[in-house]
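Asks: Below is the file entry33.csv, with CSV, C-alpha atoms and all ligand atoms.
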chain,number,residue,atom,x,y,z
A,1,MET,CA,13.7,-37.8,-4.2
A,2,ASP,CA,10.6,-38.0,-2.2
A,3,PRO,CA,10.0,-41.6,-1.2
A,4,GLY,CA,6.2,-41.2,-1.0
A,5,LEU,CA,5.5,-41.3,-4.6
A,6,GLY,CA,4.6,-44.9,-5.1
A,7,GLY,CA,8.0,-45.9,-6.4
A,8,LEU,CA,8.3,-43.1,-8.8
A,9,SER,CA,11.8,-41.5,-9.0
A,10,SER,CA,14.2,-40.3,-11.4
A,11,GLN,CA,15.3,-43.9,-11.9
A,12,ASN,CA,12.2,-44.3,-13.9
A,13,TRP,CA,13.5,-41.5,-16.1
A,14,PRO,CA,14.8,-42.7,-19.4
A,15,GLN,CA,18.1,-40.8,-19.0
A,16,ALA,CA,19.6,-41.7,-22.3
A,17,ASP,CA,16.6,-40.2,-24.1
A,18,ARG,CA,15.9,-37.2,-22.0
A,19,HIS,CA,18.5,-34.6,-22.9
A,20,VAL,CA,18.5,-35.4,-26.6
A,21,SER,CA,14.8,-36.1,-27.0
A,22,LEU,CA,13.4,-33.1,-25.1
A,23,ARG,CA,15.8,-30.6,-26.5
A,24,THR,CA,15.0,-31.7,-30.0
A,25,MET,CA,11.3,-32.3,-29.3
A,26,GLY,CA,10.1,-30.3,-32.2
A,27,LEU,CA,12.0,-32.6,-34.5
A,28,GLN,CA,11.1,-35.7,-32.7
A,29,ARG,CA,7.4,-35.0,-32.7
A,30,ARG,CA,7.6,-34.8,-36.4
A,31,GLY,CA,9.3,-38.2,-36.4
A,32,THR,CA,12.7,-37.1,-37.8
A,33,SER,CA,14.7,-38.0,-34.7
A,34,GLY,CA,16.0,-41.4,-33.8
A,35,CYS,CA,14.9,-40.9,-30.2
A,36,SER,CA,12.1,-42.9,-28.7
A,37,VAL,CA,8.7,-41.3,-28.6
A,38,GLN,CA,7.7,-43.7,-25.8
A,39,GLY,CA,10.7,-42.6,-23.8
A,40,LEU,CA,9.8,-39.0,-24.2
A,41,GLU,CA,6.3,-39.6,-23.2
A,42,LYS,CA,7.4,-41.5,-20.1
A,43,SER,CA,9.8,-38.7,-19.2
A,44,LEU,CA,7.0,-36.2,-19.4
A,45,GLU,CA,4.7,-38.4,-17.4
A,46,VAL,CA,7.3,-38.9,-14.7
A,47,THR,CA,7.9,-35.1,-14.5
A,48,ALA,CA,4.2,-34.3,-14.5
A,49,GLU,CA,3.6,-36.8,-11.7
A,50,LEU,CA,6.5,-35.5,-9.6
A,51,LEU,CA,5.4,-32.0,-10.0
A,52,THR,CA,1.7,-32.6,-9.4
A,53,ARG,CA,2.3,-34.7,-6.3
A,54,TRP,CA,4.7,-32.0,-5.0
A,55,PHE,CA,2.1,-29.3,-5.6
A,56,ASP,CA,-0.6,-31.3,-3.8
A,57,ARG,CA,1.5,-31.1,-0.6
A,58,ASN,CA,3.2,-27.7,-1.0
A,59,ALA,CA,0.8,-25.4,-2.7
A,60,ARG,CA,0.3,-22.1,-0.9
A,61,ASP,CA,-3.3,-21.5,0.2
A,62,LEU,CA,-4.2,-18.5,-1.9
A,63,PRO,CA,-7.8,-17.2,-2.0
A,64,TRP,CA,-8.2,-17.6,-5.8
A,65,ARG,CA,-7.1,-21.3,-5.5
A,66,ARG,CA,-10.3,-22.0,-3.5
A,67,THR,CA,-12.5,-21.4,-6.5
A,68,GLN,CA,-12.8,-22.8,-10.0
A,69,ASP,CA,-14.8,-19.8,-11.3
A,70,PRO,CA,-13.1,-18.8,-14.5
A,71,TYR,CA,-14.0,-15.1,-13.9
A,72,ALA,CA,-12.3,-15.2,-10.5
A,73,VAL,CA,-9.2,-17.0,-11.9
A,74,TRP,CA,-9.1,-14.5,-14.7
A,75,ILE,CA,-9.1,-11.5,-12.4
A,76,SER,CA,-6.3,-13.1,-10.2
A,77,GLU,CA,-4.1,-13.9,-13.2
A,78,VAL,CA,-4.3,-10.4,-14.6
A,79,MET,CA,-3.6,-8.9,-11.2
A,80,LEU,CA,-0.7,-11.2,-10.7
A,81,GLN,CA,1.1,-10.0,-13.8
A,82,GLN,CA,4.2,-8.1,-12.6
A,83,THR,CA,2.7,-7.9,-9.0
A,84,GLN,CA,3.6,-9.9,-5.9
A,85,VAL,CA,1.1,-12.4,-4.5
A,86,GLN,CA,0.9,-10.6,-1.1
A,87,THR,CA,0.0,-7.3,-2.9
A,88,VAL,CA,-2.7,-8.9,-5.0
A,89,ILE,CA,-4.5,-10.7,-2.1
A,90,PRO,CA,-6.4,-7.7,-0.8
A,91,TYR,CA,-7.0,-6.3,-4.3
A,92,TRP,CA,-8.5,-9.5,-5.5
A,93,GLY,CA,-10.7,-9.8,-2.3
A,94,ARG,CA,-12.0,-6.2,-2.7
A,95,TRP,CA,-12.6,-6.8,-6.4
A,96,MET,CA,-14.5,-10.0,-5.9
A,97,ASP,CA,-16.6,-8.5,-3.1
A,98,THR,CA,-17.5,-5.5,-5.2
A,99,LEU,CA,-17.8,-7.1,-8.6
A,100,PRO,CA,-18.5,-10.7,-7.9
A,101,ARG,CA,-20.0,-11.6,-11.4
A,102,ILE,CA,-19.0,-10.8,-15.0
A,103,ARG,CA,-22.2,-8.8,-15.3
A,104,ASP,CA,-21.2,-6.6,-12.3
A,105,LEU,CA,-17.9,-5.8,-14.0
A,106,ALA,CA,-19.5,-5.1,-17.4
A,107,GLU,CA,-22.1,-2.7,-15.9
A,108,ALA,CA,-19.9,-1.0,-13.3
A,109,PRO,CA,-19.0,2.7,-13.8
A,110,PRO,CA,-15.5,2.8,-15.3
A,111,GLU,CA,-14.2,5.1,-12.5
A,112,ARG,CA,-15.3,2.4,-10.0
A,113,VAL,CA,-13.3,-0.2,-11.9
A,114,LEU,CA,-10.2,2.1,-12.0
A,115,LYS,CA,-10.6,2.8,-8.3
A,116,LEU,CA,-10.5,-0.9,-7.5
A,117,TRP,CA,-7.4,-1.2,-9.6
A,118,GLU,CA,-5.7,1.9,-8.2
A,119,GLY,CA,-2.2,1.2,-7.1
A,120,LEU,CA,-1.7,-1.9,-9.3
A,121,GLY,CA,-0.4,0.1,-12.3
A,122,TYR,CA,-0.8,-1.0,-15.9
A,123,TYR,CA,-4.3,0.5,-15.9
A,124,SER,CA,-5.1,-0.5,-19.4
A,125,ARG,CA,-5.5,-4.0,-17.9
A,126,ALA,CA,-8.4,-2.8,-15.8
A,127,ARG,CA,-10.0,-1.2,-18.8
A,128,ASN,CA,-9.5,-4.4,-20.9
A,129,LEU,CA,-11.1,-6.5,-18.2
A,130,GLN,CA,-14.2,-4.4,-18.4
A,131,ARG,CA,-14.2,-4.5,-22.2
A,132,ALA,CA,-13.9,-8.2,-22.1
A,133,ALA,CA,-16.7,-8.5,-19.6
A,134,CYS,CA,-18.9,-6.5,-21.9
A,135,GLN,CA,-18.0,-8.8,-24.8
A,136,ILE,CA,-18.8,-11.9,-22.7
A,137,LEU,CA,-22.1,-10.4,-21.8
A,138,GLU,CA,-22.9,-9.6,-25.5
A,139,LYS,CA,-21.5,-12.7,-27.2
A,140,HIS,CA,-21.6,-15.4,-24.6
A,141,ASN,CA,-24.7,-14.5,-22.6
A,142,GLY,CA,-22.6,-13.5,-19.6
A,143,VAL,CA,-21.1,-17.0,-19.3
A,144,PHE,CA,-17.3,-17.2,-19.4
A,145,PRO,CA,-16.4,-19.1,-22.7
A,146,GLN,CA,-15.0,-22.6,-22.3
A,147,ASP,CA,-13.2,-22.8,-25.7
A,148,PRO,CA,-9.6,-21.7,-25.5
A,149,GLY,CA,-9.8,-19.9,-28.8
A,150,ALA,CA,-12.8,-17.9,-27.6
A,151,ILE,CA,-11.0,-17.0,-24.4
A,152,LEU,CA,-8.0,-15.9,-26.4
A,153,SER,CA,-10.1,-13.6,-28.5
A,154,LEU,CA,-11.2,-11.5,-25.5
A,155,PRO,CA,-9.7,-8.0,-25.1
A,156,GLY,CA,-6.5,-8.0,-23.1
A,157,ILE,CA,-6.2,-11.8,-22.9
A,158,GLY,CA,-2.9,-13.2,-24.3
A,159,ARG,CA,-1.7,-16.7,-24.7
A,160,TYR,CA,-0.5,-17.0,-21.1
A,161,THR,CA,-3.7,-15.8,-19.5
A,162,ALA,CA,-5.9,-17.9,-21.8
A,163,GLY,CA,-3.9,-21.0,-20.9
A,164,ALA,CA,-4.0,-20.2,-17.2
A,165,ILE,CA,-7.8,-19.8,-17.2
A,166,ALA,CA,-8.4,-22.8,-19.5
A,167,SER,CA,-6.2,-25.1,-17.4
A,168,ILE,CA,-6.7,-23.7,-13.8
A,169,ALA,CA,-10.4,-23.0,-13.9
A,170,LEU,CA,-11.5,-25.4,-16.6
A,171,ASP,CA,-8.9,-28.2,-16.3
A,172,GLN,CA,-8.1,-28.2,-20.0
A,173,PRO,CA,-4.7,-29.4,-21.3
A,174,GLU,CA,-3.6,-25.9,-22.3
A,175,PRO,CA,0.0,-24.7,-21.7
A,176,ILE,CA,1.1,-21.7,-19.7
A,177,LEU,CA,4.5,-19.9,-20.0
A,178,ASP,CA,5.3,-17.0,-17.7
A,179,GLY,CA,8.5,-15.9,-16.0
A,180,ASN,CA,8.4,-18.6,-13.4
A,181,VAL,CA,7.6,-21.4,-15.8
A,182,ILE,CA,10.4,-20.2,-18.2
A,183,ARG,CA,12.9,-20.3,-15.3
A,184,VAL,CA,11.9,-23.9,-14.3
A,185,LEU,CA,11.9,-25.2,-17.9
A,186,THR,CA,15.1,-23.6,-19.1
A,187,ARG,CA,17.0,-24.8,-16.0
A,188,PHE,CA,15.5,-28.2,-16.0
A,189,PHE,CA,16.5,-28.8,-19.6
A,190,ALA,CA,19.5,-26.4,-19.6
A,191,LEU,CA,18.1,-24.6,-22.6
A,192,GLU,CA,20.3,-21.9,-24.1
A,193,GLY,CA,19.2,-18.8,-25.8
A,194,ASN,CA,16.8,-15.9,-25.1
A,195,PRO,CA,13.5,-17.5,-23.9
A,196,LYS,CA,11.5,-14.5,-25.0
A,197,VAL,CA,12.2,-14.9,-28.7
A,198,ARG,CA,12.6,-17.5,-31.4
A,199,PRO,CA,13.8,-20.2,-31.5
A,200,LEU,CA,13.6,-20.9,-27.8
A,201,ASN,CA,10.3,-19.3,-27.0
A,202,PRO,CA,8.2,-21.6,-29.3
A,203,ARG,CA,10.1,-24.6,-28.0
A,204,LEU,CA,9.3,-23.6,-24.5
A,205,TRP,CA,5.6,-23.4,-25.4
A,206,GLU,CA,5.9,-26.8,-26.9
A,207,LEU,CA,7.5,-28.2,-23.8
A,208,ALA,CA,4.8,-26.7,-21.6
A,209,SER,CA,2.2,-28.0,-23.9
A,210,ALA,CA,3.7,-31.5,-23.9
A,211,LEU,CA,3.8,-31.5,-20.1
A,212,VAL,CA,0.2,-30.6,-19.5
A,213,GLU,CA,-0.8,-33.1,-22.2
A,214,ALA,CA,1.1,-35.8,-20.4
A,215,ALA,CA,-0.7,-34.9,-17.2
A,216,TYR,CA,-4.0,-35.0,-19.1
A,217,SER,CA,-3.3,-38.5,-20.4
A,218,ALA,CA,-2.2,-39.8,-17.0
A,219,GLU,CA,-5.6,-40.6,-15.5
A,220,HIS,CA,-4.0,-42.0,-12.4
A,221,LEU,CA,-3.0,-38.5,-11.4
A,222,GLY,CA,-6.6,-37.9,-10.4
A,223,ASP,CA,-9.0,-35.0,-10.8
A,224,ARG,CA,-7.9,-31.6,-12.0
A,225,ARG,CA,-4.5,-32.8,-13.1
A,226,CYS,CA,-4.1,-30.2,-15.9
A,227,ALA,CA,-4.9,-27.4,-13.3
A,228,ARG,CA,-2.5,-29.0,-10.8
A,229,VAL,CA,0.5,-29.6,-13.1
A,230,ASN,CA,0.4,-26.1,-14.6
A,231,GLN,CA,0.1,-24.5,-11.1
A,232,SER,CA,2.9,-26.7,-9.9
A,233,LEU,CA,5.2,-25.2,-12.5
A,234,MET,CA,4.2,-21.7,-11.5
A,235,GLU,CA,4.5,-22.6,-7.8
A,236,LEU,CA,7.9,-24.2,-8.2
A,237,GLY,CA,9.2,-21.1,-10.0
A,238,ALA,CA,7.8,-18.8,-7.3
A,239,THR,CA,8.9,-20.7,-4.2
A,240,VAL,CA,11.7,-23.1,-5.0
A,241,CYS,CA,13.3,-22.5,-8.4
A,242,THR,CA,13.7,-18.8,-7.6
A,243,PRO,CA,15.8,-16.3,-9.5
A,244,GLY,CA,19.5,-15.9,-8.7
A,245,GLU,CA,22.3,-18.2,-7.9
A,246,GLN,CA,20.7,-20.3,-5.2
A,247,PRO,CA,17.4,-21.9,-6.0
A,248,ALA,CA,16.3,-24.3,-3.3
A,249,CYS,CA,17.3,-27.4,-5.3
A,250,GLY,CA,17.5,-29.4,-2.1
A,251,VAL,CA,13.7,-29.5,-1.8
A,252,CYS,CA,12.9,-29.5,-5.6
A,253,PRO,CA,10.8,-32.5,-6.7
A,254,VAL,CA,12.6,-32.8,-10.0
A,255,ALA,CA,16.1,-32.1,-8.8
A,256,GLU,CA,17.5,-35.5,-9.7
A,257,ALA,CA,16.7,-35.0,-13.4
A,258,CYS,CA,17.5,-31.3,-13.6
A,259,GLU,CA,20.3,-30.6,-16.1
A,260,ALA,CA,21.2,-27.1,-14.8
A,261,ARG,CA,21.6,-28.6,-11.3
A,262,ARG,CA,23.7,-31.5,-12.6
A,263,ARG,CA,26.1,-29.0,-14.3
A,264,GLY,CA,26.0,-26.6,-11.3
A,265,GLN,CA,24.8,-23.9,-13.6
A,266,GLN,CA,21.5,-22.9,-12.1
A,267,GLU,CA,22.3,-19.2,-12.2
A,268,ARG,CA,23.1,-19.4,-15.9
A,269,PHE,CA,19.5,-20.1,-16.9
A,270,PRO,CA,17.3,-18.5,-18.2
A,271,GLU,CA,19.6,-16.6,-20.5
A,272,LEU,CA,17.7,-13.3,-20.4
A,273,PRO,CA,18.9,-10.3,-22.3
A,274,PRO,CA,20.5,-7.5,-20.2
A,275,ARG,CA,18.0,-5.3,-18.4
A,276,VAL,CA,17.1,-2.2,-20.2
A,277,THR,CA,18.8,1.0,-19.0
A,278,ILE,CA,16.9,2.9,-16.3
A,279,THR,CA,16.0,6.4,-17.5
A,280,GLY,CA,15.4,9.3,-15.1
A,281,ARG,CA,12.3,11.5,-15.7
A,282,PHE,CA,11.4,14.6,-13.8
A,283,PHE,CA,8.0,16.3,-13.1
A,284,ALA,CA,7.0,19.6,-11.7
A,285,THR,CA,4.0,18.8,-9.5
A,286,GLY,CA,1.8,21.5,-8.0
A,287,ILE,CA,-0.5,21.1,-5.0
A,288,VAL,CA,-2.7,24.1,-5.1
A,289,GLU,CA,-5.1,24.5,-2.2
A,290,HIS,CA,-8.0,26.9,-1.8
A,291,GLN,CA,-10.4,26.9,1.2
A,292,GLY,CA,-9.6,23.3,2.1
A,293,LYS,CA,-9.9,21.9,-1.4
A,294,TYR,CA,-7.2,20.7,-3.8
A,295,LEU,CA,-6.8,21.2,-7.5
A,296,LEU,CA,-6.8,18.0,-9.5
A,297,LYS,CA,-6.5,17.3,-13.2
A,298,LEU,CA,-8.0,14.3,-15.0
A,299,ARG,CA,-5.6,12.4,-17.3
A,300,GLU,CA,-7.2,12.7,-20.7
A,301,ASP,CA,-7.9,10.1,-23.4
A,302,THR,CA,-4.7,10.7,-25.2
A,303,GLU,CA,-2.5,10.1,-22.1
A,304,VAL,CA,-1.4,6.9,-20.4
A,305,ASN,CA,-3.4,6.2,-17.2
A,306,ARG,CA,-6.4,8.0,-18.7
A,307,GLY,CA,-9.3,8.4,-16.4
A,308,PHE,CA,-7.1,8.9,-13.3
A,309,TRP,CA,-6.9,12.1,-11.3
A,310,GLU,CA,-3.6,13.7,-10.4
A,311,PHE,CA,-2.3,16.9,-8.9
A,312,PRO,CA,-1.3,19.1,-11.8
A,313,ASN,CA,2.1,18.1,-13.1
A,314,TRP,CA,4.2,18.5,-16.2
A,315,GLU,CA,7.4,16.8,-17.3
A,316,THR,CA,10.5,18.9,-17.1
A,317,GLY,CA,14.2,18.7,-17.8
A,318,PRO,CA,16.4,17.6,-14.8
A,319,SER,CA,17.5,21.1,-14.0
A,320,ASP,CA,14.3,23.1,-14.8
A,321,PRO,CA,13.1,24.9,-11.7
A,322,PRO,CA,9.6,23.4,-10.9
A,323,GLU,CA,8.3,26.7,-9.6
A,324,ALA,CA,8.8,28.4,-12.9
A,325,VAL,CA,7.1,25.6,-14.8
A,326,LEU,CA,4.1,25.6,-12.4
A,327,SER,CA,3.8,29.3,-12.4
A,328,GLU,CA,3.8,29.5,-16.1
A,329,ARG,CA,1.2,26.7,-16.5
A,330,LEU,CA,-1.1,27.6,-13.5
A,331,GLY,CA,-0.6,31.3,-13.2
A,332,VAL,CA,0.3,31.1,-9.6
A,333,PRO,CA,2.9,33.8,-8.8
A,334,LEU,CA,6.4,32.5,-8.4
A,335,ASN,CA,6.8,33.7,-4.8
A,336,ARG,CA,3.7,31.7,-3.6
A,337,TRP,CA,5.3,28.3,-3.9
A,338,SER,CA,6.9,26.4,-1.1
A,339,SER,CA,8.7,23.1,-1.3
A,340,LEU,CA,7.5,19.6,-0.2
A,341,PRO,CA,9.8,16.6,-0.3
A,342,ASP,CA,10.4,15.0,-3.7
A,343,LEU,CA,8.6,11.8,-4.4
A,344,ARG,CA,10.5,9.1,-6.2
A,345,HIS,CA,8.9,6.0,-7.9
A,346,HIS,CA,9.6,3.5,-10.6
A,347,ILE,CA,7.5,2.6,-13.6
A,348,THR,CA,8.9,-0.1,-15.9
A,349,ARG,CA,12.2,1.4,-17.1
A,350,TYR,CA,11.7,4.9,-15.7
A,351,ARG,CA,12.8,6.3,-12.4
A,352,MET,CA,10.4,9.2,-11.9
A,353,THR,CA,11.0,12.1,-9.6
A,354,GLN,CA,8.0,14.3,-8.7
A,355,ARG,CA,9.4,17.7,-7.5
A,356,VAL,CA,6.5,18.9,-5.4
A,357,ARG,CA,5.6,22.5,-4.7
A,358,CYS,CA,2.5,23.7,-2.9
A,359,ALA,CA,0.6,27.0,-2.8
A,360,SER,CA,-2.6,28.4,-1.4
A,361,PHE,CA,-4.1,30.4,-4.2
A,362,LEU,CA,-7.4,31.9,-5.4
A,363,PRO,CA,-8.3,29.7,-8.3
A,364,SER,CA,-8.7,30.6,-11.9
A,365,PRO,CA,-12.4,30.2,-13.1
A,366,ASP,CA,-11.1,27.8,-15.7
A,367,TRP,CA,-10.1,25.3,-13.1
A,368,ALA,CA,-13.7,24.5,-12.2
A,369,LYS,CA,-14.5,23.0,-15.6
A,370,GLY,CA,-13.9,20.0,-17.8
A,371,THR,CA,-10.9,18.0,-16.7
A,372,TRP,CA,-10.2,20.1,-13.6
A,373,LEU,CA,-11.7,19.4,-10.2
A,374,TRP,CA,-11.5,20.8,-6.7
A,375,ALA,CA,-11.7,18.1,-4.0
A,376,THR,CA,-11.5,18.0,-0.3
A,377,ALA,CA,-9.2,15.6,1.5
A,378,SER,CA,-12.0,13.1,2.1
A,379,GLU,CA,-13.1,13.4,-1.5
A,380,LEU,CA,-9.6,12.6,-2.6
A,381,GLU,CA,-9.9,9.2,-0.9
A,382,SER,CA,-12.8,8.2,-3.2
A,383,LEU,CA,-11.2,9.3,-6.5
A,384,ALA,CA,-9.1,7.0,-8.6
A,385,MET,CA,-5.6,8.4,-8.6
A,386,THR,CA,-2.3,7.1,-10.0
A,387,ALA,CA,0.0,5.5,-7.4
A,388,ALA,CA,2.4,8.4,-7.1
A,389,HIS,CA,-0.3,10.9,-6.6
A,390,ARG,CA,-2.2,8.7,-4.2
A,391,LYS,CA,1.1,8.7,-2.1
A,392,LEU,CA,1.1,12.5,-2.3
A,393,ALA,CA,-2.6,12.6,-1.2
A,394,VAL,CA,-1.8,10.3,1.8
A,395,ARG,CA,1.2,12.4,2.7
A,396,LEU,CA,-1.0,15.5,2.7
A,397,ALA,CA,-3.6,13.8,4.9
A,398,GLY,CA,-0.8,12.6,7.2
A,399,ALA,CA,0.8,16.0,7.4
A,400,PHE,CA,-2.2,18.1,7.8
A,401,GLY,CA,-5.1,15.9,8.9
A,402,LYS,CA,-8.4,15.5,7.1
A,403,SER,CA,-8.8,19.2,6.3
A,404,PRO,CA,-5.2,20.2,5.5
A,405,GLN,CA,-4.3,23.8,5.0
A,406,LEU,CA,-1.1,24.5,3.3
A,407,SER,CA,-0.5,28.0,4.7
B,1,LIG,S1,16.8,-28.6,-9.3
B,1,LIG,FE1,17.1,-26.5,-8.8
B,1,LIG,S2,17.4,-25.5,-10.8
B,1,LIG,FE2,16.6,-27.5,-11.2
B,1,LIG,S3,14.4,-27.1,-11.4
B,1,LIG,FE3,14.7,-27.7,-9.3
B,1,LIG,S4,15.1,-25.8,-8.2
B,1,LIG,FE4,15.2,-25.3,-10.4
Just give me the structure as structure tokens.

Replies:
Amino acid sequence: MDPGLGGLSSQNWPQADRHVSLRTMGLQRRGTSGCSVQGLEKSLEVTAELLTRWFDRNARDLPWRRTQDPYAVWISEVMLQQTQVQTVIPYWGRWMDTLPRIRDLAEAPPERVLKLWEGLGYYSRARNLQRAACQILEKHNGVFPQDPGAILSLPGIGRYTAGAIASIALDQPEPILDGNVIRVLTRFFALEGNPKVRPLNPRLWELASALVEAAYSAEHLGDRRCARVNQSLMELGATVCTPGEQPACGVCPVAEACEARRRGQQERFPELPPRVTITGRFFATGIVEHQGKYLLKLREDTEVNRGFWEFPNWETGPSDPPEAVLSERLGVPLNRWSSLPDLRHHITRYRMTQRVRCASFLPSPDWAKGTWLWATASELESLAMTAAHRKLAVRLAGAFGKSPQLS
């Protein structure tokens, strides 16, 4: 244990109480357990202090940690869901440069917002950010609400995001529970069961809540202690208590009191259900060129990723010849198509294969209207495109230069 914590160590931990009291905390808080409430509170305070002090010395210097603006924290938290920190850093920087205030987001053209989100996936999140910004403008005069209930009522904001904004930006004793926090807590307390569902999930929320409340009460932990303790859990899960068999327990600030480590069962927790089966999906994708312009189609309101532009594509069976599908849909003669390499990508539980064919062809008049668009290579750069189709556009530019000709 780190000796620089003013005498604090796991010896201060009421061992006899910990495993019983915390694992039955719901009961205990209702006063039906024989365990000591004072012992529980002390345990939580010790944990909160160890974590907070560790965070003070080990926190990564991330750009959104240099601000306490709830809007900036909100954007970072939504971007970080299912996305690596290193990926998010440039996205967050661009977003904050372009839309630095809630009003800027609320009043931005939707296609500009989608363009800033392009490549992060889960595009409904970007749309919800803008809806929420409009709501803040209308209902809260453009000032980010301080009340956790009001934060939670905004479009696209769930319990985790509301807790993260309230604690990190506003230093309120609100809990957070994401994948990293789940891993730390289930290992620390050796909690069995699926952490995503009852009965364990509400218990984890309760533990996370008790921990941040303990930090809130511990005035000696200094300023922004709710923000620091919650971020310490996230940081520990991201950098030390990592998935797999070998978390870095040797440098963990709470190792001496960790039950999974004591049992040598770190890899057992959390007890997540088996991963869903990956399903293959196939698409016939046509790159049609005419006089240096490419045919694009807008994803419509009834489709996922609506508002994004793509090269025309249709889902097919695994053995359907893509040329036949494209010819039937686009009217391009079968013998005009030539092959480009397949593009493979993953979205949630799907492994997608875009089977790409290209053709130079005189366009149908219908393609100049509505959801169809002809764009030059440089115009492609400024349009919001889904990640797979952006890759295709980049490939085209790389293969043929700024004014690519397919034949
Ligand atoms: S001791 Fe190991 S398993 Fe336990 S919380 Fe720390 S890193 Fe995770």

Asks: Hey, which residues sit close to ligand LIG 1 (chain B)? Say within 9 Å, counting all atoms listed in the file, and write them as a ChimeraX atom specification.

Replies: /A:183-190,236-237,239-242,246-262,264-267,269

Asks: Just want the 8 Å neighbourhood of Trp309 (chain A), counted on only C-alpha atoms, with same-chain residues fewer than 5 positions away dropped. Output as a list of chain:residue names.

Replies: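 Once the nearby chain positions are removed, what remains is A:Leu296, A:Lys297, A:Leu298, A:Arg299, A:Leu383, A:Ala384, A:Met385, A:Thr386.
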
Asks: Could you give me, as a ChimeraX atom specification, the residues that have an atom at most 8 Å away from the point (-10.3, 23.7, -4.2) in the coordinates of the file, using only C-alpha atoms?

Replies: /A:288-295,363,373-376

Asks: Pull C-alpha atoms from the residues just selected and write them as a CSV table (one decimal), in the frame of the given file.

Replies:
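Output contents, as saved in again-v7.csv:
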chain,number,residue,atom,x,y,z
A,288,VAL,CA,-2.7,24.1,-5.1
A,289,GLU,CA,-5.1,24.5,-2.2
A,290,HIS,CA,-8.0,26.9,-1.8
A,291,GLN,CA,-10.4,26.9,1.2
A,292,GLY,CA,-9.6,23.3,2.1
A,293,LYS,CA,-9.9,21.9,-1.4
A,294,TYR,CA,-7.2,20.7,-3.8
A,295,LEU,CA,-6.8,21.2,-7.5
A,363,PRO,CA,-8.3,29.7,-8.3
A,373,LEU,CA,-11.7,19.4,-10.2
A,374,TRP,CA,-11.5,20.8,-6.7
A,375,ALA,CA,-11.7,18.1,-4.0
A,376,THR,CA,-11.5,18.0,-0.3

Asks: For the atom pair CA of Glu235 (chain A) and CA of Tyr71 (chain A), what is the interatomic distance in Å to one decimal place?

Replies: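 Distance reported for this atom pair: 20.9 Å.
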
Asks: For region 76-86 of chain A, please output as a VMD selection string all residues within 8 Å (counting all atoms listed in the file; exclusion window: fewer than 6 positions along the same chain).

Replies: chain A and resid 64 92 120 125 161 164

Asks: Which value, in Å to one decimal, gives the distance between CA of Val325 (chain A) and CA of Trp337 (chain A)?

Replies: 11.4 Å

Asks: Would you please work out which residue, of A:Pro110, A:Pro318, A:Pro148, A:Pro63, is nearest to Pro173 (chain A) when using all atoms listed in the file?

Replies: A:Pro148

Asks: Mind giving me the straight-line distance from CA of Asp56 (chain A) to CA of Ala166 (chain A) in Å, one decimal?

Replies: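 These two atoms are separated by 19.5 Å.
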
Asks: Let me make sure I understand: among A:Leu137, A:Leu362, A:Val229, A:Ala162, which one has the smallest atom-to-atom distance to Ala48 (chain A) if we use all atoms listed in the file?

Replies: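 The answer is A:Val229, which sits nearest to Ala48 (chain A).
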
Asks: Within 12 Å of Glu138 (chain A), counting only C-alpha atoms, which residues show up once you throw out same-chain ones fewer than 6 positions away? Write them as a short mmCIF file (atom, residue, chain, number, x, y, z; two decimals) with C-alpha atoms, in the frame of the given file, please.

Replies:
data_model
loop_
_atom_site.label_atom_id
_atom_site.label_comp_id
_atom_site.auth_asym_id
_atom_site.auth_seq_id
_atom_site.Cartn_x
_atom_site.Cartn_y
_atom_site.Cartn_z
CA ILE A 102 -19.00 -10.80 -15.00
CA ARG A 103 -22.20 -8.80 -15.30
CA ALA A 106 -19.50 -5.10 -17.40
CA GLU A 107 -22.10 -2.70 -15.90
CA ARG A 131 -14.20 -4.50 -22.20
CA ALA A 132 -13.90 -8.20 -22.10
CA PHE A 144 -17.30 -17.20 -19.40
CA PRO A 145 -16.40 -19.10 -22.70
CA LEU A 154 -11.20 -11.50 -25.50
#

Asks: Just want the 10 Å neighbourhood of region 346-358 of chain A, counted on all atoms listed in the file, with same-chain residues fewer than 4 positions away dropped. Output as a PyMOL selection string.

Replies: chain A and resi 82+121-122+275-289+311+313-316+318+321-323+326+336-342+388-389+392+406-407

Asks: When distances are computed from only C-alpha atoms, which of A:Pro90, A:Pro273, A:Pro100, A:Gly331 shows the smallest separation from Gly193 (chain A)?

Replies: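 Checking each of A:Pro90, A:Pro273, A:Pro100, A:Gly331 against Gly193 (chain A), counting only C-alpha atoms, the winner is A:Pro273.
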
Asks: Which residue is closest to Glu245 (chain A)? Choose from A:Asp320, A:Gly222, A:Pro270, A:Val332 and count all atoms listed in the file.

Replies: A:Pro270

Asks: Given the choices A:Leu221, A:Ala214, A:Ala324, A:Ile136, which gets closest to Glu41 (chain A) if the distance is worked out from only C-alpha atoms?

Replies: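 Of all the options, A:Ala214 lies closest to Glu41 (chain A).
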
Asks: So, with only C-alpha atoms as the atoms that count, which of A:Ala59, A:Ala393, A:Val143, A:Leu233 lies closest to Glu310 (chain A)?

Replies: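 Using only C-alpha atoms, Glu310 (chain A) sits closest to A:Ala393.
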
Asks: Leaving out region 202-210 of chain A and any residue of its chain fewer than 3 positions from it, which residues lie within 8 Å of it when counting only C-alpha atoms, given as a list of chain:residue names?

Replies: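 Close residues of region 202-210 of chain A: A:Leu22, A:Met25, A:Gly26, A:Leu44, A:Pro173, A:Glu174, A:Pro175, A:Ile176, A:Leu177, A:Ile182, A:Leu185, A:Thr186, A:Pro195, A:Val197, A:Arg198, A:Pro199, A:Glu213, A:Ala214.
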
Asks: Would you list the residues near (-3.1, -26.7, -9.4), meaning any protein, DNA or RNA residue with an atom at most 10 Å from that point in file coordinates, counting all atoms listed in the file, as an NGL selection string?

Replies: :A and (52 or 55-56 or 59 or 65 or 167-169 or 171 or 224-235)
